[in-house]
>>> print(open('my_file_26.pdb').read())   # PDB, C-alpha atoms
ATOM      1  CA  MET H   1     109.249 173.601 160.289  1.00  0.00           C
ATOM      2  CA  LYS H   2     108.454 170.169 161.814  1.00  0.00           C
ATOM      3  CA  LYS H   3     109.449 171.473 165.243  1.00  0.00           C
ATOM      4  CA  LEU H   4     107.128 174.462 164.856  1.00  0.00           C
ATOM      5  CA  ILE H   5     104.181 172.243 163.841  1.00  0.00           C
ATOM      6  CA  PHE H   6     104.975 169.872 166.716  1.00  0.00           C
ATOM      7  CA  LEU H   7     105.059 172.777 169.209  1.00  0.00           C
ATOM      8  CA  LEU H   8     101.765 174.165 167.847  1.00  0.00           C
ATOM      9  CA  ILE H   9     100.081 170.759 168.155  1.00  0.00           C
ATOM     10  CA  LEU H  10     101.528 170.265 171.627  1.00  0.00           C
ATOM     11  CA  GLY H  11     100.368 173.745 172.710  1.00  0.00           C
ATOM     12  CA  PHE H  12      96.911 173.124 171.274  1.00  0.00           C
ATOM     13  CA  GLY H  13      96.718 169.796 173.154  1.00  0.00           C
ATOM     14  CA  VAL H  14      97.685 171.470 176.426  1.00  0.00           C
ATOM     15  CA  CYS H  15      94.993 174.133 175.880  1.00  0.00           C
ATOM     16  CA  LEU H  16      92.365 171.460 175.230  1.00  0.00           C
ATOM     17  CA  ALA H  17      93.434 169.577 178.336  1.00  0.00           C
ATOM     18  CA  ASN H  18      93.151 172.749 180.435  1.00  0.00           C
ATOM     19  CA  GLU H  19      89.680 173.447 178.990  1.00  0.00           C
ATOM     20  CA  ALA H  20      88.602 169.894 179.838  1.00  0.00           C
ATOM     21  CA  ILE H  21      89.872 170.272 183.407  1.00  0.00           C
ATOM     22  CA  ASP H  22      88.060 173.633 183.775  1.00  0.00           C
ATOM     23  CA  ALA H  23      84.841 172.123 182.385  1.00  0.00           C
ATOM     24  CA  GLN H  24      85.062 169.204 184.837  1.00  0.00           C
ATOM     25  CA  ASP H  25      85.649 171.634 187.720  1.00  0.00           C
ATOM     26  CA  ASP H  26      82.552 173.609 186.672  1.00  0.00           C
ATOM     27  CA  LEU H  27      80.544 170.384 186.449  1.00  0.00           C
ATOM     28  CA  ASP H  28      81.760 169.269 189.901  1.00  0.00           C
ATOM     29  CA  GLN H  29      80.818 172.653 191.422  1.00  0.00           C
ATOM     30  CA  THR H  30      77.374 172.542 189.771  1.00  0.00           C
ATOM     31  CA  GLN H  31      76.776 169.012 191.067  1.00  0.00           C
ATOM     32  CA  GLU H  32      77.882 170.030 194.572  1.00  0.00           C
ATOM     33  CA  ALA H  33      75.411 172.931 194.476  1.00  0.00           C
ATOM     34  CA  GLN H  34      72.627 170.649 193.263  1.00  0.00           C
ATOM     35  CA  ASP H  35      73.400 167.991 195.875  1.00  0.00           C
ATOM     36  CA  GLY H  36      72.711 170.562 198.596  1.00  0.00           C
ATOM     37  CA  PHE H  37      69.614 171.913 196.872  1.00  0.00           C
ATOM     38  CA  ALA H  38      67.026 169.180 197.566  1.00  0.00           C
ATOM     39  CA  PRO H  39      67.862 168.444 201.222  1.00  0.00           C
ATOM     40  CA  ASP H  40      67.689 172.175 201.955  1.00  0.00           C
ATOM     41  CA  LEU H  41      64.263 172.352 200.287  1.00  0.00           C
ATOM     42  CA  LYS H  42      63.037 169.319 202.252  1.00  0.00           C
ATOM     43  CA  LEU H  43      64.071 170.966 205.497  1.00  0.00           C
ATOM     44  CA  LYS H  44      62.420 174.280 204.596  1.00  0.00           C
ATOM     45  CA  CYS H  45      59.260 172.553 203.404  1.00  0.00           C
ATOM     46  CA  LYS H  46      58.869 170.360 206.475  1.00  0.00           C
ATOM     47  CA  THR H  47      60.126 172.557 209.295  1.00  0.00           C
ATOM     48  CA  ASP H  48      59.525 176.112 208.102  1.00  0.00           C
ATOM     49  CA  ASP H  49      56.186 175.555 206.356  1.00  0.00           C
ATOM     50  CA  ASN H  50      57.769 177.254 203.363  1.00  0.00           C
ATOM     51  CA  MET H  51      55.304 176.588 200.526  1.00  0.00           C
ATOM     52  CA  SER H  52      57.674 177.894 197.885  1.00  0.00           C
ATOM     53  CA  ALA H  53      60.204 175.282 199.045  1.00  0.00           C
ATOM     54  CA  CYS H  54      57.538 172.550 198.887  1.00  0.00           C
ATOM     55  CA  TYR H  55      56.655 173.603 195.337  1.00  0.00           C
ATOM     56  CA  GLN H  56      60.316 173.709 194.313  1.00  0.00           C
ATOM     57  CA  LEU H  57      60.865 170.283 195.839  1.00  0.00           C
ATOM     58  CA  GLY H  58      57.987 168.935 193.756  1.00  0.00           C
ATOM     59  CA  GLU H  59      59.625 170.452 190.671  1.00  0.00           C
ATOM     60  CA  ALA H  60      62.980 168.959 191.672  1.00  0.00           C
ATOM     61  CA  TYR H  61      61.441 165.477 191.888  1.00  0.00           C
ATOM     62  CA  LEU H  62      59.580 166.020 188.636  1.00  0.00           C
ATOM     63  CA  GLU H  63      62.689 167.111 186.726  1.00  0.00           C
ATOM     64  CA  GLY H  64      65.433 165.286 188.659  1.00  0.00           C
ATOM     65  CA  ILE H  65      67.165 168.495 189.719  1.00  0.00           C
ATOM     66  CA  GLY H  66      69.501 167.884 192.656  1.00  0.00           C
ATOM     67  CA  ILE H  67      67.634 164.709 193.537  1.00  0.00           C
ATOM     68  CA  ASN H  68      66.720 161.440 191.856  1.00  0.00           C
ATOM     69  CA  LYS H  69      63.894 162.044 189.413  1.00  0.00           C
ATOM     70  CA  SER H  70      60.623 160.683 190.797  1.00  0.00           C
ATOM     71  CA  PRO H  71      57.390 161.868 189.154  1.00  0.00           C
ATOM     72  CA  LYS H  72      55.473 159.729 191.665  1.00  0.00           C
ATOM     73  CA  LYS H  73      56.921 161.673 194.646  1.00  0.00           C
ATOM     74  CA  ALA H  74      56.471 165.129 193.129  1.00  0.00           C
ATOM     75  CA  PRO H  75      52.671 165.379 193.596  1.00  0.00           C
ATOM     76  CA  GLN H  76      52.831 164.987 197.372  1.00  0.00           C
ATOM     77  CA  PHE H  77      54.848 168.209 197.630  1.00  0.00           C
ATOM     78  CA  PHE H  78      52.584 170.053 195.184  1.00  0.00           C
ATOM     79  CA  LYS H  79      49.631 168.936 197.330  1.00  0.00           C
ATOM     80  CA  ILE H  80      51.214 170.251 200.553  1.00  0.00           C
ATOM     81  CA  ALA H  81      51.738 173.677 198.973  1.00  0.00           C
ATOM     82  CA  CYS H  82      48.320 173.679 197.297  1.00  0.00           C
ATOM     83  CA  LYS H  83      46.564 173.024 200.604  1.00  0.00           C
ATOM     84  CA  GLN H  84      48.220 176.216 201.860  1.00  0.00           C
ATOM     85  CA  ASP H  85      46.970 178.132 198.769  1.00  0.00           C
ATOM     86  CA  TYR H  86      50.322 178.328 196.981  1.00  0.00           C
ATOM     87  CA  LYS H  87      48.771 178.921 193.555  1.00  0.00           C
ATOM     88  CA  ASP H  88      51.472 177.428 191.325  1.00  0.00           C
ATOM     89  CA  SER H  89      51.150 174.097 193.090  1.00  0.00           C
ATOM     90  CA  CYS H  90      47.437 173.433 192.612  1.00  0.00           C
ATOM     91  CA  ALA H  91      47.564 173.148 188.813  1.00  0.00           C
ATOM     92  CA  LYS H  92      50.677 170.958 189.045  1.00  0.00           C
ATOM     93  CA  PHE H  93      48.947 168.708 191.558  1.00  0.00           C
ATOM     94  CA  ALA H  94      45.781 168.569 189.440  1.00  0.00           C
ATOM     95  CA  TYR H  95      47.823 167.704 186.371  1.00  0.00           C
ATOM     96  CA  SER H  96      49.325 164.716 188.163  1.00  0.00           C
ATOM     97  CA  TYR H  97      45.862 163.153 188.170  1.00  0.00           C
ATOM     98  CA  THR H  98      45.508 163.408 184.399  1.00  0.00           C
ATOM     99  CA  ALA H  99      49.069 162.825 183.233  1.00  0.00           C
ATOM    100  CA  ILE H 100      49.784 159.235 184.166  1.00  0.00           C
ATOM    101  CA  GLY H 101      47.559 157.264 181.805  1.00  0.00           C
ATOM    102  CA  LYS H 102      44.685 155.048 182.893  1.00  0.00           C
ATOM    103  CA  HIS H 103      45.559 154.933 186.572  1.00  0.00           C
ATOM    104  CA  TYR H 104      47.218 157.220 189.026  1.00  0.00           C
ATOM    105  CA  GLU H 105      48.774 155.918 192.205  1.00  0.00           C
ATOM    106  CA  ASP H 106      48.186 158.132 195.194  1.00  0.00           C
ATOM    107  CA  HIS H 107      50.089 156.705 198.145  1.00  0.00           C
ATOM    108  CA  GLY H 108      49.433 153.146 197.013  1.00  0.00           C
ATOM    109  CA  THR H 109      45.722 153.569 196.218  1.00  0.00           C
ATOM    110  CA  LYS H 110      44.752 153.224 192.576  1.00  0.00           C
ATOM    111  CA  HIS H 111      42.070 155.493 191.194  1.00  0.00           C
ATOM    112  CA  THR H 112      40.118 154.843 188.043  1.00  0.00           C
ATOM    113  CA  HIS H 113      40.650 157.269 185.193  1.00  0.00           C
ATOM    114  CA  LYS H 114      37.278 158.998 185.790  1.00  0.00           C
ATOM    115  CA  ARG H 115      37.937 159.417 189.497  1.00  0.00           C
ATOM    116  CA  SER H 116      41.308 160.888 188.630  1.00  0.00           C
ATOM    117  CA  PHE H 117      39.609 163.446 186.394  1.00  0.00           C
ATOM    118  CA  ILE H 118      37.189 164.328 189.207  1.00  0.00           C
ATOM    119  CA  LYS H 119      40.153 165.021 191.495  1.00  0.00           C
ATOM    120  CA  ALA H 120      41.934 166.995 188.767  1.00  0.00           C
ATOM    121  CA  PHE H 121      38.804 169.084 188.167  1.00  0.00           C
ATOM    122  CA  LYS H 122      38.592 169.903 191.889  1.00  0.00           C
ATOM    123  CA  TYR H 123      42.189 171.112 192.027  1.00  0.00           C
ATOM    124  CA  TYR H 124      41.979 173.022 188.723  1.00  0.00           C
ATOM    125  CA  LYS H 125      39.001 174.872 190.229  1.00  0.00           C
ATOM    126  CA  LYS H 126      41.072 175.735 193.286  1.00  0.00           C
ATOM    127  CA  SER H 127      44.004 176.737 191.112  1.00  0.00           C
ATOM    128  CA  CYS H 128      41.802 179.053 189.081  1.00  0.00           C
ATOM    129  CA  SER H 129      40.256 180.543 192.223  1.00  0.00           C
ATOM    130  CA  LEU H 130      43.831 181.439 193.236  1.00  0.00           C
ATOM    131  CA  LYS H 131      44.209 183.224 189.854  1.00  0.00           C
ATOM    132  CA  ASP H 132      46.640 180.762 188.303  1.00  0.00           C
ATOM    133  CA  PRO H 133      46.235 181.279 184.535  1.00  0.00           C
ATOM    134  CA  GLN H 134      47.256 177.738 183.581  1.00  0.00           C
ATOM    135  CA  GLY H 135      44.836 176.280 186.120  1.00  0.00           C
ATOM    136  CA  CYS H 136      42.039 178.419 184.635  1.00  0.00           C
ATOM    137  CA  TYR H 137      42.983 177.247 181.155  1.00  0.00           C
ATOM    138  CA  ASN H 138      42.773 173.588 182.172  1.00  0.00           C
ATOM    139  CA  LEU H 139      39.492 174.190 183.991  1.00  0.00           C
ATOM    140  CA  ALA H 140      38.116 175.829 180.844  1.00  0.00           C
ATOM    141  CA  SER H 141      39.239 172.790 178.851  1.00  0.00           C
ATOM    142  CA  PHE H 142      37.201 170.545 181.157  1.00  0.00           C
ATOM    143  CA  TYR H 143      34.097 172.682 180.560  1.00  0.00           C
ATOM    144  CA  GLU H 144      34.806 172.878 176.840  1.00  0.00           C
ATOM    145  CA  THR H 145      34.657 169.104 176.455  1.00  0.00           C
ATOM    146  CA  GLY H 146      32.587 167.972 179.446  1.00  0.00           C
ATOM    147  CA  LYS H 147      35.625 165.791 180.222  1.00  0.00           C
ATOM    148  CA  ASP H 148      34.448 162.187 180.685  1.00  0.00           C
ATOM    149  CA  GLY H 149      31.238 163.364 182.368  1.00  0.00           C
ATOM    150  CA  VAL H 150      33.177 165.001 185.204  1.00  0.00           C
ATOM    151  CA  CYS H 151      31.413 168.284 184.532  1.00  0.00           C
ATOM    152  CA  LYS H 152      28.632 169.407 182.259  1.00  0.00           C
ATOM    153  CA  LYS H 153      29.835 170.736 178.923  1.00  0.00           C
ATOM    154  CA  SER H 154      29.414 174.504 178.999  1.00  0.00           C
ATOM    155  CA  ASP H 155      30.713 176.910 176.390  1.00  0.00           C
ATOM    156  CA  LYS H 156      29.751 179.791 178.693  1.00  0.00           C
ATOM    157  CA  HIS H 157      31.935 178.488 181.543  1.00  0.00           C
ATOM    158  CA  ALA H 158      34.727 177.515 179.150  1.00  0.00           C
ATOM    159  CA  GLN H 159      34.874 181.018 177.637  1.00  0.00           C
ATOM    160  CA  LYS H 160      34.770 182.620 181.096  1.00  0.00           C
ATOM    161  CA  PHE H 161      37.791 180.654 182.280  1.00  0.00           C
ATOM    162  CA  PHE H 162      39.687 180.983 178.982  1.00  0.00           C
ATOM    163  CA  LYS H 163      39.234 184.761 179.323  1.00  0.00           C
ATOM    164  CA  ILE H 164      40.555 184.754 182.911  1.00  0.00           C
ATOM    165  CA  SER H 165      43.505 182.641 181.773  1.00  0.00           C
ATOM    166  CA  CYS H 166      44.272 184.947 178.847  1.00  0.00           C
ATOM    167  CA  GLU H 167      44.042 188.043 181.043  1.00  0.00           C
ATOM    168  CA  GLY H 168      46.441 186.320 183.434  1.00  0.00           C
ATOM    169  CA  GLY H 169      49.000 186.046 180.631  1.00  0.00           C
ATOM    170  CA  PHE H 170      48.575 182.435 179.490  1.00  0.00           C
ATOM    171  CA  GLU H 171      48.853 182.988 175.729  1.00  0.00           C
ATOM    172  CA  PRO H 172      47.229 179.728 174.471  1.00  0.00           C
ATOM    173  CA  ALA H 173      43.980 180.782 176.175  1.00  0.00           C
ATOM    174  CA  CYS H 174      43.845 183.931 174.101  1.00  0.00           C
ATOM    175  CA  ASN H 175      43.247 181.890 170.945  1.00  0.00           C
ATOM    176  CA  LYS H 176      40.122 180.213 172.308  1.00  0.00           C
TER     177      LYS H 176
END
>>> encode(input="my_file_26.pdb", output="structure tokens")
Amino acid sequence: MKKLIFLLILGFGVCLANEAIDAQDDLDQTQEAQDGFAPDLKLKCKTDDNMSACYQLGEAYLEGIGINKSPKKAPQFFKIACKQDYKDSCAKFAYSYTAIGKHYEDHGTKHTHKRSFIKAFKYYKKSCSLKDPQGCYNLASFYETGKDGVCKKSDKHAQKFFKISCEGGFEPACNK
């Protein structure tokens, strides 16, 4: 009986060891795939003018996917894609102006909080003009509150942009 228990424990240990080796192999393969992800996006963004790649590179920096996480580098790639009317990028770029507290560093230049909101408002407007529902929602929020004097408070404008956002499928806008 002791031999049987010993063999069962030994067999179970070997199975666990094999599972651990398989898991490490999967992790190594995933890391290898991620390591090639960001440089490929950089190349496509810079040489091919691929705005989807620029957007994805911004996301990679924002989330640390396949590259060292750097929320300060992410906006520059969102801006590149936004300037070429890649709609998903404009709201992300606008958000970078409102997300980092009292100051936002844009290539070494500090902006006051109000100036940051002015920039954000500009890019939320562009985002909404490109029919990005989240950009329209954030634009509506500016009008709803008259955000720090950046725009005049306007329920009419707020409702207009909440409606566009809702119709575009952004669920939180539908409750406004």
>>> closest_residue(input="my_file_26.pdb", among="H:Phe161, H:Ser96, H:Thr47, H:Phe77", to="H:Tyr61", atoms="all atoms listed in the file")
H:Phe77
>>> resolve_selection(input="my_file_26.pdb", expression="the PyMOL selection byres ((chain H and resi 148-153) around 12)", output="NGL selection string")
:H and (98 or 112-122 or 125 or 139-147 or 154-159)
>>> atom_distance(input="my_file_26.pdb", atom1="atom CA of H:Gln84", atom2="atom CA of H:Leu57")
15.2 Å
>>> closest_residue(input="my_file_26.pdb", among="H:Lys46, H:Asp40, H:Met51, H:Ile164", to="H:Cys90", atoms="all atoms listed in the file")
H:Met51
>>> resolve_selection(input="my_file_26.pdb", expression="the PyMOL selection byres ((chain H and resi 126-129) around 9)", output="list in words")
Cys82, Asp85, Tyr86, Lys87, Asp88, Ser89, Cys90, Ala91, Ala94, Phe121, Lys122, Tyr123, Tyr124, Lys125, Leu130, Lys131, Asp132, Pro133, Gln134, Gly135, Cys136, Tyr137, Asn138, Leu139, Phe161, Ile164 and Ser165 of chain H
>>> atom_distance(input="my_file_26.pdb", atom1="atom CA of H:Tyr97", atom2="atom CA of H:Asn175")
25.6 Å
>>> closest_residue(input="my_file_26.pdb", among="H:Tyr95, H:Phe170, H:Lys42, H:Phe162", to="H:Ile67", atoms="all atoms listed in the file")
H:Lys42
>>> atom_distance(input="my_file_26.pdb", atom1="atom CA of H:Cys54", atom2="atom CA of H:Gly168")
23.5 Å
>>> closest_residue(input="my_file_26.pdb", among="H:Ile80, H:Lys44, H:Phe93, H:Asn50", to="H:Leu62", atoms="all atoms listed in the file")
H:Phe93
